[in-house]
Amino acid sequence: MNLIESISNIFKGLKRKNSLVQNISIVFSGNVFSILLQLTFAPILSRIFSPQAYGEYALYNLIISNITFFSALSLPSVYVLPKEEYKFLALSKVVFLNAIAISILSFFTYFLFKPLFDFEVSIKEIVGIFGVLLITIINTTQSHWNIRKKRFLKNTKMRAACSFIGKSGTAGIGKYLAPNGFGLLSGNFISGFLALFLTLKRQQLIVLFRYYTSSNWKELIATLKENVNVIKYIFPARLITKFSSDLPIIAIGALMGVQQLGHYTFALTFINMPIQLFENSISPVVFQKANELYLTSRTAFEDFFVKSFKHTVFISLVPLTVISLIAPSVFEFAFGTEWKDAGYVASLLSTKYIITTVLAPYTSFWRIMKREKRLFALTTASFIFRNGPLLLLFLDIGFFRFLYIYSIVSSIAPLINLTDLMYSVLPRRRASKIWTITILLILLSFIIIGLNSYQIIFENVR
(Lines give C-alpha, C1' and ligand atoms only; values in the text may rest on other atoms or scores of the structure.)
Protein backbone atom coordinates (compact mmCIF):
# COMPACT_ATOMS: atom_id res chain seq x y z
CA MET A 1 0.00 0.00 0.00
CA ASN A 2 2.90 2.35 0.78
CA LEU A 3 4.42 1.61 -2.62
CA ILE A 4 1.13 2.32 -4.42
CA GLU A 5 0.72 5.54 -2.44
CA SER A 6 4.30 6.58 -3.28
CA ILE A 7 3.77 5.95 -7.01
CA SER A 8 0.47 7.84 -6.86
CA ASN A 9 2.17 10.84 -5.24
CA ILE A 10 4.83 10.85 -7.96
CA PHE A 11 2.18 11.04 -10.71
CA LYS A 12 0.35 13.78 -8.84
CA GLY A 13 3.61 15.69 -8.55
CA LEU A 14 4.19 15.40 -12.30
CA LYS A 15 0.96 17.34 -12.93
CA ARG A 16 1.63 20.01 -10.30
CA LYS A 17 3.29 23.07 -11.83
CA ASN A 18 6.82 23.81 -10.53
CA SER A 19 6.71 20.85 -8.14
CA LEU A 20 10.00 19.09 -7.40
CA VAL A 21 8.91 15.93 -9.21
CA GLN A 22 7.79 17.86 -12.28
CA ASN A 23 10.98 19.93 -12.43
CA ILE A 24 13.21 16.87 -12.07
CA SER A 25 11.23 14.91 -14.67
CA ILE A 26 11.41 17.78 -17.18
CA VAL A 27 15.14 18.33 -16.84
CA PHE A 28 15.93 14.63 -16.50
CA SER A 29 14.02 13.67 -19.64
CA GLY A 30 15.74 16.40 -21.64
CA ASN A 31 19.17 15.23 -20.55
CA VAL A 32 18.27 11.60 -21.26
CA PHE A 33 17.39 12.74 -24.78
CA SER A 34 20.79 14.46 -25.09
CA ILE A 35 22.57 11.30 -23.94
CA LEU A 36 20.60 9.19 -26.41
CA LEU A 37 21.75 11.60 -29.11
CA GLN A 38 25.35 11.12 -28.01
CA LEU A 39 24.91 7.37 -28.22
CA THR A 40 23.31 7.69 -31.65
CA PHE A 41 26.03 9.92 -33.06
CA ALA A 42 28.97 8.14 -31.38
CA PRO A 43 29.23 5.32 -34.00
CA ILE A 44 29.11 7.97 -36.75
CA LEU A 45 31.68 10.30 -35.21
CA SER A 46 34.03 7.44 -34.27
CA ARG A 47 34.23 6.49 -37.95
CA ILE A 48 34.89 10.08 -39.03
CA PHE A 49 37.34 11.10 -36.29
CA SER A 50 40.34 8.96 -35.30
CA PRO A 51 41.71 8.38 -31.77
CA GLN A 52 44.38 10.93 -32.74
CA ALA A 53 41.64 13.53 -33.36
CA TYR A 54 40.01 12.80 -29.98
CA GLY A 55 43.43 13.18 -28.35
CA GLU A 56 43.84 16.63 -29.96
CA TYR A 57 40.31 17.55 -28.89
CA ALA A 58 41.14 16.57 -25.30
CA LEU A 59 44.03 19.06 -25.36
CA TYR A 60 41.79 21.86 -26.73
CA ASN A 61 39.27 21.13 -23.98
CA LEU A 62 42.08 21.20 -21.44
CA ILE A 63 42.90 24.80 -22.45
CA ILE A 64 39.23 25.90 -22.46
CA SER A 65 38.32 24.21 -19.19
CA ASN A 66 41.31 25.69 -17.38
CA ILE A 67 40.68 29.26 -18.55
CA THR A 68 36.99 28.87 -17.72
CA PHE A 69 37.79 27.41 -14.31
CA PHE A 70 40.22 30.13 -13.24
CA SER A 71 37.90 32.82 -14.59
CA ALA A 72 34.90 31.52 -12.67
CA LEU A 73 36.59 31.17 -9.25
CA SER A 74 33.70 28.74 -8.52
CA LEU A 75 31.27 31.69 -8.35
CA PRO A 76 28.70 30.03 -10.70
CA SER A 77 28.17 27.46 -7.94
CA VAL A 78 26.36 30.15 -5.92
CA TYR A 79 24.50 31.93 -8.76
CA VAL A 80 21.23 30.45 -7.45
CA LEU A 81 21.67 31.54 -3.82
CA PRO A 82 21.34 35.39 -3.82
CA LYS A 83 17.75 36.59 -3.51
CA GLU A 84 18.59 39.92 -5.13
CA GLU A 85 19.07 39.68 -8.89
CA TYR A 86 21.72 42.41 -8.97
CA LYS A 87 23.99 40.21 -6.83
CA PHE A 88 23.62 37.37 -9.32
CA LEU A 89 24.48 39.78 -12.15
CA ALA A 90 27.45 41.11 -10.17
CA LEU A 91 28.90 37.64 -9.77
CA SER A 92 28.40 36.86 -13.45
CA LYS A 93 30.11 40.12 -14.44
CA VAL A 94 33.17 39.22 -12.38
CA VAL A 95 33.38 35.87 -14.16
CA PHE A 96 32.93 37.43 -17.61
CA LEU A 97 35.64 40.07 -17.07
CA ASN A 98 37.99 37.48 -15.61
CA ALA A 99 37.53 35.28 -18.68
CA ILE A 100 38.49 38.06 -21.08
CA ALA A 101 41.49 39.13 -18.98
CA ILE A 102 42.85 35.59 -18.46
CA SER A 103 42.33 34.69 -22.14
CA ILE A 104 44.28 37.72 -23.32
CA LEU A 105 47.02 37.03 -20.77
CA SER A 106 47.19 33.33 -21.74
CA PHE A 107 47.47 33.96 -25.49
CA PHE A 108 49.97 36.79 -24.96
CA THR A 109 52.10 34.48 -22.80
CA TYR A 110 51.94 31.75 -25.47
CA PHE A 111 53.15 34.05 -28.25
CA LEU A 112 55.81 35.60 -26.01
CA PHE A 113 57.31 32.22 -25.04
CA LYS A 114 56.31 30.29 -28.16
CA PRO A 115 59.80 28.79 -28.77
CA LEU A 116 59.62 27.05 -25.37
CA PHE A 117 56.44 25.10 -26.21
CA ASP A 118 56.48 21.69 -27.90
CA PHE A 119 53.20 22.37 -29.73
CA GLU A 120 51.95 25.09 -32.03
CA VAL A 121 48.50 26.70 -31.94
CA SER A 122 47.34 28.48 -35.09
CA ILE A 123 45.35 31.73 -35.22
CA LYS A 124 42.33 29.74 -36.39
CA GLU A 125 42.54 27.48 -33.34
CA ILE A 126 42.98 30.46 -30.97
CA VAL A 127 39.86 32.14 -32.39
CA GLY A 128 37.92 28.87 -32.03
CA ILE A 129 39.06 28.33 -28.44
CA PHE A 130 38.26 31.94 -27.46
CA GLY A 131 34.83 31.76 -29.14
CA VAL A 132 33.84 28.52 -27.38
CA LEU A 133 35.13 29.94 -24.09
CA LEU A 134 33.04 33.13 -24.13
CA ILE A 135 29.91 31.39 -25.37
CA THR A 136 30.26 28.78 -22.60
CA ILE A 137 30.48 31.46 -19.91
CA ILE A 138 27.47 33.43 -21.20
CA ASN A 139 25.41 30.24 -21.57
CA THR A 140 26.28 29.25 -18.00
CA THR A 141 24.98 32.61 -16.80
CA GLN A 142 21.78 32.24 -18.80
CA SER A 143 21.23 28.66 -17.64
CA HIS A 144 21.46 29.68 -13.97
CA TRP A 145 19.21 32.65 -14.68
CA ASN A 146 16.55 30.21 -15.85
CA ILE A 147 17.10 28.02 -12.77
CA ARG A 148 16.60 31.06 -10.50
CA LYS A 149 13.26 31.66 -12.26
CA LYS A 150 12.41 27.91 -12.22
CA ARG A 151 12.37 27.85 -16.01
CA PHE A 152 13.56 24.26 -16.15
CA LEU A 153 11.52 23.43 -19.26
CA LYS A 154 13.25 26.18 -21.22
CA ASN A 155 16.71 24.93 -20.28
CA THR A 156 15.69 21.39 -21.22
CA LYS A 157 14.38 22.32 -24.67
CA MET A 158 17.50 24.35 -25.37
CA ARG A 159 19.88 21.54 -24.46
CA ALA A 160 17.99 18.97 -26.52
CA ALA A 161 17.88 21.12 -29.67
CA CYS A 162 21.49 22.28 -29.35
CA SER A 163 22.75 18.78 -28.72
CA PHE A 164 21.17 17.50 -31.94
CA ILE A 165 22.31 20.39 -34.15
CA GLY A 166 25.78 20.44 -32.56
CA LYS A 167 26.35 16.73 -33.19
CA SER A 168 25.04 17.03 -36.75
CA GLY A 169 27.33 19.98 -37.38
CA THR A 170 30.32 18.11 -35.95
CA ALA A 171 29.67 15.16 -38.26
CA GLY A 172 29.36 17.45 -41.29
CA ILE A 173 32.51 19.41 -40.47
CA GLY A 174 34.47 16.21 -39.86
CA LYS A 175 33.24 14.57 -43.06
CA TYR A 176 33.83 17.45 -45.47
CA LEU A 177 36.18 19.99 -43.82
CA ALA A 178 38.25 19.01 -40.80
CA PRO A 179 38.37 15.36 -39.59
CA ASN A 180 40.63 16.36 -36.70
CA GLY A 181 40.47 17.79 -33.17
CA PHE A 182 39.51 21.25 -34.43
CA GLY A 183 36.52 19.74 -36.23
CA LEU A 184 35.30 18.29 -32.92
CA LEU A 185 35.83 21.69 -31.26
CA SER A 186 33.78 23.35 -33.99
CA GLY A 187 30.80 21.23 -32.95
CA ASN A 188 31.00 22.77 -29.47
CA PHE A 189 30.99 26.24 -31.02
CA ILE A 190 27.90 25.48 -33.13
CA SER A 191 25.84 24.09 -30.22
CA GLY A 192 26.95 26.88 -27.86
CA PHE A 193 26.25 29.64 -30.38
CA LEU A 194 22.81 28.22 -31.07
CA ALA A 195 22.05 27.96 -27.34
CA LEU A 196 22.89 31.64 -26.99
CA PHE A 197 20.12 32.62 -29.41
CA LEU A 198 17.58 30.08 -28.20
CA THR A 199 17.69 31.09 -24.53
CA LEU A 200 18.88 34.69 -24.28
CA LYS A 201 15.87 36.94 -24.70
CA ARG A 202 16.28 40.45 -26.02
CA GLN A 203 15.35 41.96 -22.66
CA GLN A 204 17.87 39.77 -20.83
CA LEU A 205 20.58 40.68 -23.35
CA ILE A 206 19.88 44.38 -22.73
CA VAL A 207 20.06 43.83 -18.94
CA LEU A 208 23.37 41.99 -19.25
CA PHE A 209 24.86 44.59 -21.61
CA ARG A 210 23.82 47.51 -19.38
CA TYR A 211 25.06 45.84 -16.21
CA TYR A 212 28.35 44.66 -17.71
CA THR A 213 29.13 48.14 -19.11
CA SER A 214 28.03 50.10 -16.03
CA SER A 215 30.44 51.47 -13.44
CA ASN A 216 29.17 49.42 -10.51
CA TRP A 217 32.45 48.41 -8.87
CA LYS A 218 31.27 49.05 -5.29
CA GLU A 219 28.36 46.68 -5.84
CA LEU A 220 30.70 44.04 -7.28
CA ILE A 221 33.14 44.31 -4.39
CA ALA A 222 30.35 44.14 -1.79
CA THR A 223 28.88 41.03 -3.43
CA LEU A 224 32.29 39.38 -3.62
CA LYS A 225 32.83 40.02 0.09
CA GLU A 226 29.54 38.25 0.85
CA ASN A 227 30.75 35.22 -1.12
CA VAL A 228 34.39 35.31 -0.06
CA ASN A 229 34.19 31.76 1.37
CA VAL A 230 33.50 30.46 -2.12
CA ILE A 231 36.80 31.88 -3.37
CA LYS A 232 38.69 30.93 -0.18
CA TYR A 233 37.47 27.34 0.15
CA ILE A 234 35.21 26.10 -2.68
CA PHE A 235 37.55 27.33 -5.43
CA PRO A 236 40.72 25.72 -3.99
CA ALA A 237 38.78 22.50 -3.36
CA ARG A 238 37.57 22.45 -6.93
CA LEU A 239 41.05 23.34 -8.13
CA ILE A 240 42.38 20.19 -6.49
CA THR A 241 39.54 18.14 -7.99
CA LYS A 242 40.12 19.63 -11.43
CA PHE A 243 43.86 19.08 -11.22
CA SER A 244 43.12 15.47 -10.31
CA SER A 245 41.00 15.17 -13.48
CA ASP A 246 43.50 16.92 -15.74
CA LEU A 247 46.58 15.14 -14.44
CA PRO A 248 45.68 11.72 -15.93
CA ILE A 249 45.12 13.40 -19.32
CA ILE A 250 48.54 15.06 -19.13
CA ALA A 251 50.27 11.93 -17.80
CA ILE A 252 48.69 9.47 -20.25
CA GLY A 253 49.30 11.84 -23.17
CA ALA A 254 52.96 12.33 -22.20
CA LEU A 255 53.82 8.74 -21.21
CA MET A 256 51.45 6.66 -23.37
CA GLY A 257 50.93 8.84 -26.45
CA VAL A 258 48.07 10.74 -28.05
CA GLN A 259 46.38 7.57 -29.36
CA GLN A 260 46.05 6.02 -25.90
CA LEU A 261 44.86 9.42 -24.68
CA GLY A 262 42.21 9.31 -27.40
CA HIS A 263 41.01 5.92 -26.14
CA TYR A 264 40.94 7.26 -22.58
CA THR A 265 38.95 10.42 -23.41
CA PHE A 266 36.55 8.54 -25.72
CA ALA A 267 35.83 6.04 -22.93
CA LEU A 268 35.33 8.87 -20.43
CA THR A 269 32.63 10.30 -22.70
CA PHE A 270 30.47 7.27 -21.92
CA ILE A 271 31.52 6.80 -18.30
CA ASN A 272 30.70 10.46 -17.63
CA MET A 273 27.18 10.20 -19.04
CA PRO A 274 25.49 9.26 -15.71
CA ILE A 275 27.41 12.04 -13.93
CA GLN A 276 26.45 14.57 -16.62
CA LEU A 277 22.86 13.40 -16.39
CA PHE A 278 22.81 14.03 -12.64
CA GLU A 279 24.73 17.32 -12.74
CA ASN A 280 22.65 18.76 -15.59
CA SER A 281 19.22 17.53 -14.51
CA ILE A 282 18.94 16.39 -10.90
CA SER A 283 21.60 18.62 -9.30
CA PRO A 284 20.10 22.05 -10.21
CA VAL A 285 16.62 21.06 -9.01
CA VAL A 286 17.92 19.38 -5.84
CA PHE A 287 20.12 22.42 -5.09
CA GLN A 288 17.24 24.86 -5.50
CA LYS A 289 14.84 22.76 -3.40
CA ALA A 290 17.38 21.89 -0.68
CA ASN A 291 18.30 25.55 -0.25
CA GLU A 292 14.63 26.44 0.27
CA LEU A 293 14.13 23.68 2.87
CA TYR A 294 17.36 24.41 4.75
CA LEU A 295 16.24 28.00 5.31
CA THR A 296 12.82 26.92 6.64
CA SER A 297 13.12 23.51 8.34
CA ARG A 298 16.19 21.41 9.18
CA THR A 299 14.02 18.29 9.62
CA ALA A 300 12.49 18.75 6.17
CA PHE A 301 15.99 19.25 4.77
CA GLU A 302 17.16 15.93 6.29
CA ASP A 303 14.10 14.05 5.06
CA PHE A 304 14.55 15.48 1.58
CA PHE A 305 18.17 14.27 1.51
CA VAL A 306 17.24 10.73 2.59
CA LYS A 307 14.30 10.44 0.19
CA SER A 308 16.25 11.65 -2.84
CA PHE A 309 19.44 9.74 -1.93
CA LYS A 310 17.67 6.36 -1.92
CA HIS A 311 16.72 6.87 -5.55
CA THR A 312 20.09 8.34 -6.47
CA VAL A 313 22.08 5.28 -5.36
CA PHE A 314 20.19 2.86 -7.59
CA ILE A 315 20.08 5.24 -10.56
CA SER A 316 23.87 5.63 -10.21
CA LEU A 317 24.89 2.01 -9.74
CA VAL A 318 22.85 0.38 -12.46
CA PRO A 319 24.00 2.40 -15.53
CA LEU A 320 27.71 2.28 -14.66
CA THR A 321 27.62 -1.44 -13.83
CA VAL A 322 25.85 -2.17 -17.12
CA ILE A 323 28.32 0.01 -19.07
CA SER A 324 31.19 -1.92 -17.48
CA LEU A 325 29.70 -5.29 -18.44
CA ILE A 326 28.88 -4.50 -22.06
CA ALA A 327 31.56 -1.94 -23.02
CA PRO A 328 34.30 -4.35 -24.22
CA SER A 329 31.98 -6.18 -26.62
CA VAL A 330 29.94 -3.14 -27.72
CA PHE A 331 32.73 -0.65 -28.49
CA GLU A 332 34.38 -2.71 -31.24
CA PHE A 333 31.05 -3.53 -32.87
CA ALA A 334 29.52 -0.05 -32.62
CA PHE A 335 32.53 2.23 -33.16
CA GLY A 336 34.99 0.20 -35.21
CA THR A 337 38.00 -2.05 -34.52
CA GLU A 338 40.37 0.83 -33.70
CA TRP A 339 38.17 1.64 -30.66
CA LYS A 340 38.37 -1.84 -29.11
CA ASP A 341 40.84 -0.70 -26.43
CA ALA A 342 38.50 2.17 -25.49
CA GLY A 343 35.91 -0.46 -24.49
CA TYR A 344 38.38 -2.03 -22.08
CA VAL A 345 39.23 1.42 -20.69
CA ALA A 346 35.53 2.22 -20.12
CA SER A 347 35.01 -1.06 -18.29
CA LEU A 348 37.99 -0.55 -15.98
CA LEU A 349 37.29 3.12 -15.20
CA SER A 350 33.66 2.57 -14.24
CA THR A 351 34.59 1.65 -10.65
CA LYS A 352 36.11 5.10 -10.11
CA TYR A 353 32.97 6.91 -11.22
CA ILE A 354 30.34 4.94 -9.30
CA ILE A 355 30.78 6.83 -6.02
CA THR A 356 31.40 10.10 -7.89
CA THR A 357 28.02 9.69 -9.60
CA VAL A 358 26.26 8.93 -6.31
CA LEU A 359 27.77 12.08 -4.79
CA ALA A 360 27.21 14.36 -7.80
CA PRO A 361 23.72 15.75 -6.94
CA TYR A 362 24.79 16.67 -3.38
CA THR A 363 28.10 18.53 -3.76
CA SER A 364 26.14 21.78 -3.33
CA PHE A 365 25.04 20.79 0.19
CA TRP A 366 28.33 21.95 1.74
CA ARG A 367 27.61 25.42 0.35
CA ILE A 368 24.03 25.37 1.62
CA MET A 369 25.24 24.41 5.12
CA LYS A 370 28.04 27.04 4.95
CA ARG A 371 30.69 24.33 5.35
CA GLU A 372 32.96 25.37 2.49
CA LYS A 373 36.04 25.18 4.71
CA ARG A 374 35.21 21.58 5.59
CA LEU A 375 34.89 20.62 1.92
CA PHE A 376 38.27 22.20 1.17
CA ALA A 377 39.90 20.19 3.98
CA LEU A 378 38.33 16.95 2.75
CA THR A 379 39.34 17.54 -0.86
CA THR A 380 42.90 18.38 0.15
CA ALA A 381 43.16 15.27 2.33
CA SER A 382 41.90 13.00 -0.47
CA PHE A 383 44.35 14.39 -3.05
CA ILE A 384 46.80 11.51 -2.57
CA PHE A 385 44.14 8.91 -3.38
CA ARG A 386 43.22 10.72 -6.58
CA ASN A 387 46.74 11.15 -7.94
CA GLY A 388 49.07 8.73 -6.16
CA PRO A 389 48.26 5.81 -8.50
CA LEU A 390 49.48 7.84 -11.51
CA LEU A 391 53.03 6.98 -10.41
CA LEU A 392 52.28 3.45 -11.62
CA LEU A 393 52.51 4.76 -15.19
CA PHE A 394 56.28 4.77 -14.73
CA LEU A 395 56.22 1.02 -14.00
CA ASP A 396 55.80 -1.71 -16.58
CA ILE A 397 52.56 -3.20 -15.23
CA GLY A 398 50.43 -2.79 -18.36
CA PHE A 399 48.01 -0.02 -19.27
CA PHE A 400 44.83 -1.91 -18.33
CA ARG A 401 46.13 -3.13 -15.00
CA PHE A 402 47.19 0.43 -14.19
CA LEU A 403 43.69 1.72 -15.03
CA TYR A 404 41.98 -0.76 -12.71
CA ILE A 405 44.28 0.01 -9.75
CA TYR A 406 43.99 3.73 -10.46
CA SER A 407 40.19 3.47 -10.59
CA ILE A 408 39.86 1.54 -7.31
CA VAL A 409 42.24 3.75 -5.30
CA SER A 410 40.77 6.97 -6.75
CA SER A 411 37.29 5.93 -5.61
CA ILE A 412 38.42 6.33 -1.97
CA ALA A 413 38.43 10.14 -2.39
CA PRO A 414 34.70 10.61 -3.23
CA LEU A 415 33.88 7.93 -0.62
CA ILE A 416 35.49 10.11 2.08
CA ASN A 417 33.42 13.10 0.93
CA LEU A 418 30.22 11.06 0.76
CA THR A 419 30.76 9.76 4.30
CA ASP A 420 31.35 13.25 5.69
CA LEU A 421 28.28 14.60 3.89
CA MET A 422 25.99 11.93 5.33
CA TYR A 423 27.16 12.50 8.90
CA SER A 424 26.94 16.29 8.42
CA VAL A 425 23.36 16.27 7.15
CA LEU A 426 21.86 13.44 9.24
CA PRO A 427 21.91 12.33 12.90
CA ARG A 428 24.61 9.69 13.50
CA ARG A 429 22.27 6.71 13.82
CA ARG A 430 20.34 7.50 10.68
CA ALA A 431 23.52 8.28 8.75
CA SER A 432 25.17 4.97 9.81
CA LYS A 433 22.25 2.92 8.54
CA ILE A 434 22.13 4.59 5.12
CA TRP A 435 25.95 4.60 4.81
CA THR A 436 26.17 0.84 5.48
CA ILE A 437 23.53 -0.04 2.91
CA THR A 438 25.15 2.26 0.34
CA ILE A 439 28.63 0.75 0.85
CA LEU A 440 27.31 -2.82 0.55
CA LEU A 441 25.63 -1.98 -2.76
CA ILE A 442 28.76 -0.25 -4.08
CA LEU A 443 30.96 -3.22 -3.05
CA LEU A 444 28.58 -5.59 -4.86
CA SER A 445 28.94 -3.48 -7.99
CA PHE A 446 32.76 -3.48 -7.62
CA ILE A 447 32.80 -7.28 -7.36
CA ILE A 448 30.66 -7.67 -10.49
CA ILE A 449 32.92 -5.32 -12.43
CA GLY A 450 36.08 -7.04 -11.14
CA LEU A 451 34.86 -10.51 -12.15
CA ASN A 452 33.86 -9.23 -15.58
CA SER A 453 37.29 -7.59 -16.09
CA TYR A 454 39.38 -10.44 -14.64
CA GLN A 455 40.94 -11.45 -17.97
CA ILE A 456 41.82 -7.86 -18.88
CA ILE A 457 43.42 -7.11 -15.51
CA PHE A 458 45.37 -10.27 -14.74
CA GLU A 459 46.15 -11.60 -18.20
CA ASN A 460 46.92 -8.11 -19.56
CA VAL A 461 44.79 -8.45 -22.70
CA ARG A 462 45.51 -5.66 -25.21
# chains A, B, ... in the order shown; residues from 1 in each chain; ligands from 1
>>> residues_around(residues="Ser347 of chain A", least_positions_apart="6", cutoff="10 Å", atoms="only C-alpha atoms", output="list in words")
Ala267, Ile271, Leu320, Thr321, Val322, Ile323, Ser324, Leu325, Ile326, Ala327, Pro328, Phe400, Leu403, Tyr404, Ile449, Gly450, Asn452, Ser453 and Ile456 of chain A
>>> closest_residue(among="A:Phe243, A:Tyr57, A:Phe365, A:Tyr212", to="Phe305 of chain A", atoms="only C-alpha atoms")
A:Phe365
>>> closest_residue(among="A:Lys175, A:Lys232, A:Lys218, A:Arg148", to="Leu375 of chain A", atoms="only C-alpha atoms")
A:Lys232
>>> residues_around(residues="His144 of chain A", least_positions_apart="4", cutoff="7 Å", atoms="only C-alpha atoms", output="short mmCIF file (atom, residue, chain, number, x, y, z; two decimals) with N, CA, C and O atoms, in the first residue's frame")
data_model
loop_
_atom_site.label_atom_id
_atom_site.label_comp_id
_atom_site.auth_asym_id
_atom_site.auth_seq_id
_atom_site.Cartn_x
_atom_site.Cartn_y
_atom_site.Cartn_z
N TYR A 79 25.38 31.05 -7.98
CA TYR A 79 24.50 31.93 -8.76
C TYR A 79 23.05 31.85 -8.28
O TYR A 79 22.31 32.83 -8.36
N VAL A 80 22.64 30.67 -7.83
CA VAL A 80 21.23 30.45 -7.45
C VAL A 80 20.91 31.03 -6.07
O VAL A 80 19.77 31.35 -5.78
N THR A 140 26.36 29.65 -19.40
CA THR A 140 26.28 29.25 -18.00
C THR A 140 25.48 30.27 -17.19
O THR A 140 24.64 29.91 -16.36
N ARG A 148 17.08 30.11 -11.53
CA ARG A 148 16.60 31.06 -10.50
C ARG A 148 15.11 31.33 -10.69
O ARG A 148 14.38 31.52 -9.72
#
>>> residues_around(residues="Leu418 of chain A", least_positions_apart="6", cutoff="10 Å", atoms="only C-alpha atoms", output="ChimeraX atom specification")
/A:355-356,358-360,362-363,412,424,435
>>> atom_distance(atom1="atom CA of Gly169 of chain A", atom2="atom CA of Phe193 of chain A")
12.0 Å
>>> residues_around(residues="Ile44 of chain A", least_positions_apart="6", cutoff="10 Å", atoms="only C-alpha atoms", output="MDAnalysis selection string")
chainID A and resid 167:168 171 334:336
>>> atom_distance(atom1="atom CA of Ile437 of chain A", atom2="atom CA of Phe301 of chain A")
20.8 Å
>>> closest_residue(among="A:Leu255, A:Ala178, A:Ile67, A:Ile190", to="Leu391 of chain A", atoms="only C-alpha atoms")
A:Leu255
>>> select_by_dssp(residues="segment 5-221 of chain A", states="alpha helix (DSSP H)", output="ChimeraX atom specification")
/A:5-15,20-48,51-72,85-112,123-148,152-176,181-199,202-213,217-221
>>> closest_residue(among="A:Ile315, A:Ile129, A:Ala42, A:Val230", to="Phe270 of chain A", atoms="only C-alpha atoms")
A:Ala42
>>> closest_residue(among="A:Leu451, A:Leu208, A:Ile123, A:Ala58", to="Gln259 of chain A", atoms="only C-alpha atoms")
A:Ala58
>>> closest_residue(among="A:Asn139, A:Asn180, A:Ser410, A:Ser245", to="Asn66 of chain A", atoms="only C-alpha atoms")
A:Ser245
